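Text of the file start-v4.pdb, holding PDB, C-alpha atoms:
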ATOM      1  CA  MET A   1      98.957-128.121 -99.433  1.00  0.00           C
ATOM      2  CA  SER A   2     102.168-128.266-101.420  1.00  0.00           C
ATOM      3  CA  SER A   3     104.759-130.917-100.697  1.00  0.00           C
ATOM      4  CA  GLU A   4     107.299-128.179 -99.925  1.00  0.00           C
ATOM      5  CA  ARG A   5     104.998-126.746 -97.272  1.00  0.00           C
ATOM      6  CA  GLU A   6     104.280-130.212 -95.858  1.00  0.00           C
ATOM      7  CA  GLN A   7     108.003-130.889 -95.561  1.00  0.00           C
ATOM      8  CA  TRP A   8     108.525-127.632 -93.653  1.00  0.00           C
ATOM      9  CA  LEU A   9     105.627-128.294 -91.307  1.00  0.00           C
ATOM     10  CA  THR A  10     107.179-131.584 -90.213  1.00  0.00           C
ATOM     11  CA  ARG A  11     110.324-129.879 -88.925  1.00  0.00           C
ATOM     12  CA  THR A  12     110.886-130.014 -85.177  1.00  0.00           C
ATOM     13  CA  PRO A  13     110.486-126.661 -83.402  1.00  0.00           C
ATOM     14  CA  ASN A  14     113.643-125.354 -81.768  1.00  0.00           C
ATOM     15  CA  GLU A  15     112.147-124.016 -78.537  1.00  0.00           C
ATOM     16  CA  GLU A  16     115.488-123.348 -76.846  1.00  0.00           C
ATOM     17  CA  LEU A  17     116.787-121.193 -79.701  1.00  0.00           C
ATOM     18  CA  SER A  18     113.419-119.450 -79.916  1.00  0.00           C
ATOM     19  CA  LYS A  19     113.537-118.439 -76.246  1.00  0.00           C
ATOM     20  CA  LYS A  20     117.076-117.057 -76.602  1.00  0.00           C
ATOM     21  CA  LEU A  21     116.195-115.134 -79.759  1.00  0.00           C
ATOM     22  CA  CYS A  22     112.996-113.743 -78.201  1.00  0.00           C
ATOM     23  CA  THR A  23     115.017-112.424 -75.251  1.00  0.00           C
ATOM     24  CA  ALA A  24     117.386-110.799 -77.749  1.00  0.00           C
ATOM     25  CA  ALA A  25     114.362-109.376 -79.614  1.00  0.00           C
ATOM     26  CA  TRP A  26     113.078-107.694 -76.424  1.00  0.00           C
ATOM     27  CA  ILE A  27     116.533-106.229 -75.746  1.00  0.00           C
ATOM     28  CA  LEU A  28     116.881-105.025 -79.338  1.00  0.00           C
ATOM     29  CA  SER A  29     113.371-103.541 -79.366  1.00  0.00           C
ATOM     30  CA  THR A  30     114.051-101.670 -76.128  1.00  0.00           C
ATOM     31  CA  ALA A  31     117.395-100.392 -77.441  1.00  0.00           C
ATOM     32  CA  VAL A  32     115.761 -99.188 -80.684  1.00  0.00           C
ATOM     33  CA  LEU A  33     112.997 -97.405 -78.767  1.00  0.00           C
ATOM     34  CA  ILE A  34     115.566 -95.666 -76.555  1.00  0.00           C
ATOM     35  CA  LEU A  35     117.640 -94.738 -79.613  1.00  0.00           C
ATOM     36  CA  VAL A  36     114.628 -93.274 -81.405  1.00  0.00           C
ATOM     37  CA  VAL A  37     113.758 -91.176 -78.338  1.00  0.00           C
ATOM     38  CA  LEU A  38     117.369 -90.039 -77.937  1.00  0.00           C
ATOM     39  CA  MET A  39     117.720 -89.065 -81.585  1.00  0.00           C
ATOM     40  CA  GLN A  40     115.070 -86.414 -80.997  1.00  0.00           C
ATOM     41  CA  LYS A  41     117.353 -84.760 -78.436  1.00  0.00           C
ATOM     42  CA  ILE A  42     120.852 -85.370 -79.828  1.00  0.00           C
ATOM     43  CA  ARG A  43     122.398 -83.582 -82.813  1.00  0.00           C
ATOM     44  CA  LEU A  44     125.775 -84.788 -83.972  1.00  0.00           C
ATOM     45  CA  PRO A  45     127.770 -82.536 -86.275  1.00  0.00           C
ATOM     46  CA  ILE A  46     128.673 -83.918 -89.667  1.00  0.00           C
ATOM     47  CA  PRO A  47     132.002 -83.177 -91.341  1.00  0.00           C
ATOM     48  CA  GLU A  48     132.361 -80.076 -93.524  1.00  0.00           C
ATOM     49  CA  GLY A  49     131.196 -80.757 -97.045  1.00  0.00           C
ATOM     50  CA  TRP A  50     129.085 -83.764 -96.087  1.00  0.00           C
ATOM     51  CA  SER A  51     125.319 -83.836 -96.358  1.00  0.00           C
ATOM     52  CA  THR A  52     122.611 -86.243 -95.338  1.00  0.00           C
ATOM     53  CA  ALA A  53     119.968 -84.412 -97.398  1.00  0.00           C
ATOM     54  CA  MET A  54     119.720 -87.362 -99.784  1.00  0.00           C
ATOM     55  CA  LEU A  55     118.597 -89.754 -97.022  1.00  0.00           C
ATOM     56  CA  PRO A  56     114.847 -88.948 -96.716  1.00  0.00           C
ATOM     57  CA  PRO A  57     114.054 -90.024-100.298  1.00  0.00           C
ATOM     58  CA  ILE A  58     116.211 -93.104 -99.732  1.00  0.00           C
ATOM     59  CA  HIS A  59     114.181 -93.873 -96.574  1.00  0.00           C
ATOM     60  CA  ALA A  60     110.972 -93.635 -98.587  1.00  0.00           C
ATOM     61  CA  ALA A  61     112.366 -95.844-101.365  1.00  0.00           C
ATOM     62  CA  VAL A  62     113.623 -98.470 -98.918  1.00  0.00           C
ATOM     63  CA  ASN A  63     110.270 -98.506 -97.101  1.00  0.00           C
ATOM     64  CA  ALA A  64     108.355 -98.765-100.386  1.00  0.00           C
ATOM     65  CA  THR A  65     110.632-101.602-101.499  1.00  0.00           C
ATOM     66  CA  ALA A  66     110.057-103.357 -98.176  1.00  0.00           C
ATOM     67  CA  ALA A  67     106.294-103.070 -98.748  1.00  0.00           C
ATOM     68  CA  VAL A  68     106.622-104.654-102.196  1.00  0.00           C
ATOM     69  CA  VAL A  69     108.842-107.435-100.821  1.00  0.00           C
ATOM     70  CA  LEU A  70     106.327-108.093 -98.030  1.00  0.00           C
ATOM     71  CA  MET A  71     103.511-108.421-100.567  1.00  0.00           C
ATOM     72  CA  ILE A  72     105.614-110.777-102.704  1.00  0.00           C
ATOM     73  CA  SER A  73     106.430-112.801 -99.599  1.00  0.00           C
ATOM     74  CA  ILE A  74     102.781-113.319 -98.733  1.00  0.00           C
ATOM     75  CA  ILE A  75     102.113-114.484-102.303  1.00  0.00           C
ATOM     76  CA  PHE A  76     104.953-117.011-102.011  1.00  0.00           C
ATOM     77  CA  ILE A  77     103.619-118.525 -98.804  1.00  0.00           C
ATOM     78  CA  LYS A  78     100.075-118.686-100.195  1.00  0.00           C
ATOM     79  CA  LEU A  79     101.533-120.641-103.131  1.00  0.00           C
ATOM     80  CA  GLY A  80     103.381-122.946-100.732  1.00  0.00           C
ATOM     81  CA  LYS A  81     106.810-121.668-101.798  1.00  0.00           C
ATOM     82  CA  VAL A  82     108.348-121.706 -98.318  1.00  0.00           C
ATOM     83  CA  GLU A  83     111.976-121.224 -99.408  1.00  0.00           C
ATOM     84  CA  TRP A  84     111.023-118.154-101.458  1.00  0.00           C
ATOM     85  CA  HIS A  85     108.859-116.881 -98.602  1.00  0.00           C
ATOM     86  CA  ARG A  86     111.785-117.201 -96.191  1.00  0.00           C
ATOM     87  CA  ALA A  87     114.162-115.494 -98.635  1.00  0.00           C
ATOM     88  CA  THR A  88     111.820-112.550 -99.180  1.00  0.00           C
ATOM     89  CA  MET A  89     111.173-112.221 -95.454  1.00  0.00           C
ATOM     90  CA  VAL A  90     114.935-112.087 -94.836  1.00  0.00           C
ATOM     91  CA  ALA A  91     115.105-109.395 -97.544  1.00  0.00           C
ATOM     92  CA  ALA A  92     112.255-107.456 -95.888  1.00  0.00           C
ATOM     93  CA  MET A  93     114.050-107.656 -92.533  1.00  0.00           C
ATOM     94  CA  GLY A  94     117.273-106.481 -94.172  1.00  0.00           C
ATOM     95  CA  LEU A  95     115.486-103.553 -95.811  1.00  0.00           C
ATOM     96  CA  SER A  96     113.925-102.621 -92.477  1.00  0.00           C
ATOM     97  CA  VAL A  97     117.330-102.678 -90.764  1.00  0.00           C
ATOM     98  CA  LEU A  98     118.800-100.553 -93.580  1.00  0.00           C
ATOM     99  CA  PHE A  99     115.906 -98.122 -93.203  1.00  0.00           C
ATOM    100  CA  LEU A 100     116.310 -97.903 -89.434  1.00  0.00           C
ATOM    101  CA  LEU A 101     120.063 -97.274 -89.572  1.00  0.00           C
ATOM    102  CA  SER A 102     119.671 -94.629 -92.277  1.00  0.00           C
ATOM    103  CA  TYR A 103     116.725 -93.014 -90.497  1.00  0.00           C
ATOM    104  CA  VAL A 104     118.653 -92.721 -87.238  1.00  0.00           C
ATOM    105  CA  ALA A 105     121.729 -91.375 -89.082  1.00  0.00           C
ATOM    106  CA  TYR A 106     119.599 -88.657 -90.675  1.00  0.00           C
ATOM    107  CA  HIS A 107     117.671 -87.655 -87.568  1.00  0.00           C
ATOM    108  CA  ILE A 108     120.693 -87.618 -85.291  1.00  0.00           C
ATOM    109  CA  THR A 109     122.429 -85.158 -87.652  1.00  0.00           C
ATOM    110  CA  ASN A 110     119.488 -82.940 -88.698  1.00  0.00           C
ATOM    111  CA  ASP A 111     116.809 -80.870 -87.046  1.00  0.00           C
ATOM    112  CA  PRO A 112     113.304 -82.197 -87.658  1.00  0.00           C
ATOM    113  CA  THR A 113     111.429 -80.963 -90.711  1.00  0.00           C
ATOM    114  CA  ARG A 114     108.054 -79.496 -89.798  1.00  0.00           C
ATOM    115  CA  TYR A 115     104.956 -80.065 -91.900  1.00  0.00           C
ATOM    116  CA  GLY A 116     103.765 -76.737 -93.284  1.00  0.00           C
ATOM    117  CA  GLY A 117     100.434 -77.724 -94.784  1.00  0.00           C
ATOM    118  CA  THR A 118      97.100 -76.490 -93.481  1.00  0.00           C
ATOM    119  CA  GLY A 119      93.495 -77.584 -93.254  1.00  0.00           C
ATOM    120  CA  THR A 120      92.396 -81.094 -94.100  1.00  0.00           C
ATOM    121  CA  MET A 121      95.788 -82.111 -95.490  1.00  0.00           C
ATOM    122  CA  ARG A 122      97.431 -81.182 -92.202  1.00  0.00           C
ATOM    123  CA  THR A 123      94.968 -83.422 -90.354  1.00  0.00           C
ATOM    124  CA  VAL A 124      95.510 -86.253 -92.848  1.00  0.00           C
ATOM    125  CA  TYR A 125      99.293 -85.905 -92.508  1.00  0.00           C
ATOM    126  CA  PHE A 126      99.247 -86.031 -88.709  1.00  0.00           C
ATOM    127  CA  VAL A 127      96.784 -88.952 -88.591  1.00  0.00           C
ATOM    128  CA  LEU A 128      99.054 -90.900 -90.957  1.00  0.00           C
ATOM    129  CA  LEU A 129     102.230 -89.853 -89.130  1.00  0.00           C
ATOM    130  CA  ILE A 130     100.952 -90.632 -85.637  1.00  0.00           C
ATOM    131  CA  SER A 131      99.490 -93.981 -86.668  1.00  0.00           C
ATOM    132  CA  HIS A 132     102.733 -94.773 -88.537  1.00  0.00           C
ATOM    133  CA  ILE A 133     104.844 -94.016 -85.455  1.00  0.00           C
ATOM    134  CA  VAL A 134     102.580 -95.925 -83.062  1.00  0.00           C
ATOM    135  CA  PHE A 135     102.357 -98.994 -85.313  1.00  0.00           C
ATOM    136  CA  ALA A 136     106.118 -98.904 -85.953  1.00  0.00           C
ATOM    137  CA  ALA A 137     106.870 -98.822 -82.231  1.00  0.00           C
ATOM    138  CA  VAL A 138     104.312-101.467 -81.298  1.00  0.00           C
ATOM    139  CA  SER A 139     105.057-103.799 -84.194  1.00  0.00           C
ATOM    140  CA  LEU A 140     108.853-103.972 -83.903  1.00  0.00           C
ATOM    141  CA  PRO A 141     109.087-106.646 -81.197  1.00  0.00           C
ATOM    142  CA  PHE A 142     106.231-108.606 -82.755  1.00  0.00           C
ATOM    143  CA  ILE A 143     107.819-108.503 -86.210  1.00  0.00           C
ATOM    144  CA  LEU A 144     110.912-109.979 -84.589  1.00  0.00           C
ATOM    145  CA  PHE A 145     108.863-112.616 -82.690  1.00  0.00           C
ATOM    146  CA  THR A 146     107.032-113.583 -85.883  1.00  0.00           C
ATOM    147  CA  PHE A 147     110.303-113.890 -87.770  1.00  0.00           C
ATOM    148  CA  ILE A 148     111.881-115.895 -84.939  1.00  0.00           C
ATOM    149  CA  SER A 149     108.921-118.282 -84.691  1.00  0.00           C
ATOM    150  CA  GLY A 150     109.145-119.005 -88.421  1.00  0.00           C
ATOM    151  CA  TRP A 151     112.925-119.329 -88.325  1.00  0.00           C
ATOM    152  CA  THR A 152     112.801-121.779 -85.394  1.00  0.00           C
ATOM    153  CA  ASN A 153     110.037-123.926 -86.939  1.00  0.00           C
ATOM    154  CA  ARG A 154     107.338-122.812 -84.495  1.00  0.00           C
ATOM    155  CA  PHE A 155     104.844-122.583 -87.342  1.00  0.00           C
ATOM    156  CA  THR A 156     101.600-122.498 -85.326  1.00  0.00           C
ATOM    157  CA  THR A 157     102.864-119.464 -83.394  1.00  0.00           C
ATOM    158  CA  HIS A 158     104.275-117.960 -86.587  1.00  0.00           C
ATOM    159  CA  ARG A 159     100.904-118.148 -88.357  1.00  0.00           C
ATOM    160  CA  LYS A 160      98.993-116.751 -85.357  1.00  0.00           C
ATOM    161  CA  LEU A 161     101.340-113.773 -85.074  1.00  0.00           C
ATOM    162  CA  ALA A 162     101.657-113.170 -88.819  1.00  0.00           C
ATOM    163  CA  ARG A 163      97.886-112.772 -89.249  1.00  0.00           C
ATOM    164  CA  TRP A 164      97.962-109.447 -87.397  1.00  0.00           C
ATOM    165  CA  VAL A 165     101.657-108.483 -87.470  1.00  0.00           C
ATOM    166  CA  PHE A 166     101.944-108.658 -91.270  1.00  0.00           C
ATOM    167  CA  PRO A 167      99.206-106.038 -91.949  1.00  0.00           C
ATOM    168  CA  MET A 168     100.722-103.752 -89.318  1.00  0.00           C
ATOM    169  CA  TRP A 169     104.225-104.048 -90.828  1.00  0.00           C
ATOM    170  CA  LEU A 170     102.814-103.473 -94.316  1.00  0.00           C
ATOM    171  CA  TYR A 171     100.915-100.398 -93.068  1.00  0.00           C
ATOM    172  CA  VAL A 172     104.132 -98.966 -91.599  1.00  0.00           C
ATOM    173  CA  ALA A 173     106.065 -99.701 -94.799  1.00  0.00           C
ATOM    174  CA  LEU A 174     103.388 -97.980 -96.920  1.00  0.00           C
ATOM    175  CA  THR A 175     102.641 -94.954 -94.723  1.00  0.00           C
ATOM    176  CA  GLY A 176     106.339 -94.086 -94.351  1.00  0.00           C
ATOM    177  CA  PRO A 177     106.715 -93.143 -98.035  1.00  0.00           C
ATOM    178  CA  ILE A 178     103.318 -91.409 -98.021  1.00  0.00           C
ATOM    179  CA  CYS A 179     104.371 -89.256 -95.057  1.00  0.00           C
ATOM    180  CA  TYR A 180     107.662 -88.501 -96.815  1.00  0.00           C
ATOM    181  CA  LEU A 181     105.860 -87.381 -99.986  1.00  0.00           C
ATOM    182  CA  MET A 182     103.571 -85.137 -97.946  1.00  0.00           C
ATOM    183  CA  LEU A 183     106.553 -83.659 -96.052  1.00  0.00           C
ATOM    184  CA  LYS A 184     108.834 -83.381 -99.120  1.00  0.00           C
ATOM    185  CA  PRO A 185     107.949 -79.756 -99.999  1.00  0.00           C
ATOM    186  CA  TYR A 186     109.094 -78.637 -96.544  1.00  0.00           C
ATOM    187  CA  TYR A 187     112.609 -80.121 -96.541  1.00  0.00           C
ATOM    188  CA  GLN A 188     115.306 -77.470 -96.767  1.00  0.00           C
TER     189      GLN A 188
END
Please express the file's structure as structure tokens.
Amino acid sequence: MSSEREQWLTRTPNEELSKKLCTAAWILSTAVLILVVLMQKIRLPIPEGWSTAMLPPIHAAVNATAAVVLMISIIFIKLGKVEWHRATMVAAMGLSVLFLLSYVAYHITNDPTRYGGTGTMRTVYFVLLISHIVFAAVSLPFILFTFISGWTNRFTTHRKLARWVFPMWLYVALTGPICYLMLKPYYQ
């Protein structure tokens, strides 16, 4: 174990802050879920001459970048580079927030794009899309809990959560761009 990692592991957990942040994480997760459901029903007009058509490729790029940052982050922690791991995890969280805000902005101002493929590719698309949506919804609070447990020095909890939350978050970050590429021919 590296000396940097050993130094981090000796830090005192901040249980009080963790509890407050976990409550905030549940509230935020619930609000995001409600917002995502509402954006399917609400269409806000955008000003004349404005377009949000450029957002779907940006969503895919941000998600793909988040996936790369997540993979770099796991390498850093395996090497015992805790400061770099923390920095890349903050970057991954920031990218995910950017994605979410942009995604909501697009979907609240545009009708959904329907997949037009047929046969096996249609099945593949919907399996990827449905699993992407389910994992995104389920993982959000746990991504936040994992982040909070690391941030508040609750490292045993952080490691336990990260073992299964990390692959789920990475799956969501990778399947988002794949779904976009499959849907790309059908955007207007």
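Every protein or nucleic acid residue with an atom no more than 8 Å from stretch 87-99 of chain A, counting all atoms listed in the file and leaving out same-chain residues fewer than 5 positions away, appears here: A:His59, A:Val62, A:Asn63, A:Thr65, A:Ala66, A:Ala67, A:Val69, A:Leu70, A:Ile72, A:Ser73, A:Phe147.
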Each residue of stretch 101-138 of chain A lying at most 7 Å from stretch 163-173 of chain A should get a row with its shortest atom-to-atom pair and the distance in Å to one decimal, counting all atoms listed in the file; could you produce that, ordered by chain and increasing number, as a Markdown table?
| residue | atom | partner | partner_atom | distance |
| --- | --- | --- | --- | --- |
| A:His132 | CA | A:Val172 | CA | 5.4 |
| A:Phe135 | CA | A:Met168 | CA | 6.4 |
| A:Ala136 | CA | A:Val172 | CA | 6.0 |
### Message
I'd like the neighbourhood of A:Tyr115 as a list in words, where a residue qualifies if any of its atoms comes within 9 Å (using all atoms listed in the file), though same-chain residues fewer than 5 positions away should be ignored.
### Response
Arg122, Tyr125, Phe126, Met182, Leu183, Lys184, Pro185, Tyr186 and Tyr187 of chain A
### Reference answer for the PyMOL selection byres ((chain A and resi 36-46) around 7), as number ranges by chain
A: 32-35, 47-48, 50, 104, 107-110
### Query
What gap, in Å, lies between atom CA of A:Gly150 and atom CA of A:Leu21?
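Atom-to-atom, atom CA of A:Gly150 and atom CA of A:Leu21 are spaced 11.8 Å apart.
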### Task
Go ahead and compute the interatomic distance for atom CA of A:Leu79 and atom CA of A:Ala162, in Å to one decimal.
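Atom-to-atom, atom CA of A:Leu79 to atom CA of A:Ala162, that is 16.1 Å.
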#### Entry: Using only C-alpha atoms: which of A:Thr52, A:Ser29, A:Thr152, A:Thr175 has the shortest distance to A:Tyr103
A:Thr52
### Query
Mind telling me what the PyMOL selection byres ((chain A and resi 4-14) around 10) catches here, as number ranges by chain?
A: 1-3, 15-19, 77-83, 149-156
### Task
Go ahead and compute the interatomic distance for atom CA of A:Leu129 and atom CA of A:Gly116, in Å to one decimal.
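Between atom CA of A:Leu129 and atom CA of A:Gly116 the gap works out to 13.8 Å.
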### Message
When you look at A:Ala53 with a cut-off of 10 Å (counting only C-alpha atoms), what residues show up, excluding the ones that are within fewer than 2 positions of it in the same chain? I need them as a PyMOL selection string.
### Response
chain A and resi 50-51+55-58+106+110+187-188
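Comparing the minimum interatomic distances between A:Leu174 and each of A:Arg86, A:Ala60, A:Thr120, A:Phe76, counting all atoms listed in the file, we find that A:Ala60 sits nearest.
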#### Entry: Closest of A:Ile178, A:Leu28, A:Ala61, A:Cys22 to A:Leu128 - atom-to-atom distances counting all atoms listed in the file
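Among A:Ile178, A:Leu28, A:Ala61, A:Cys22, it is A:Ile178 that comes nearest to A:Leu128.
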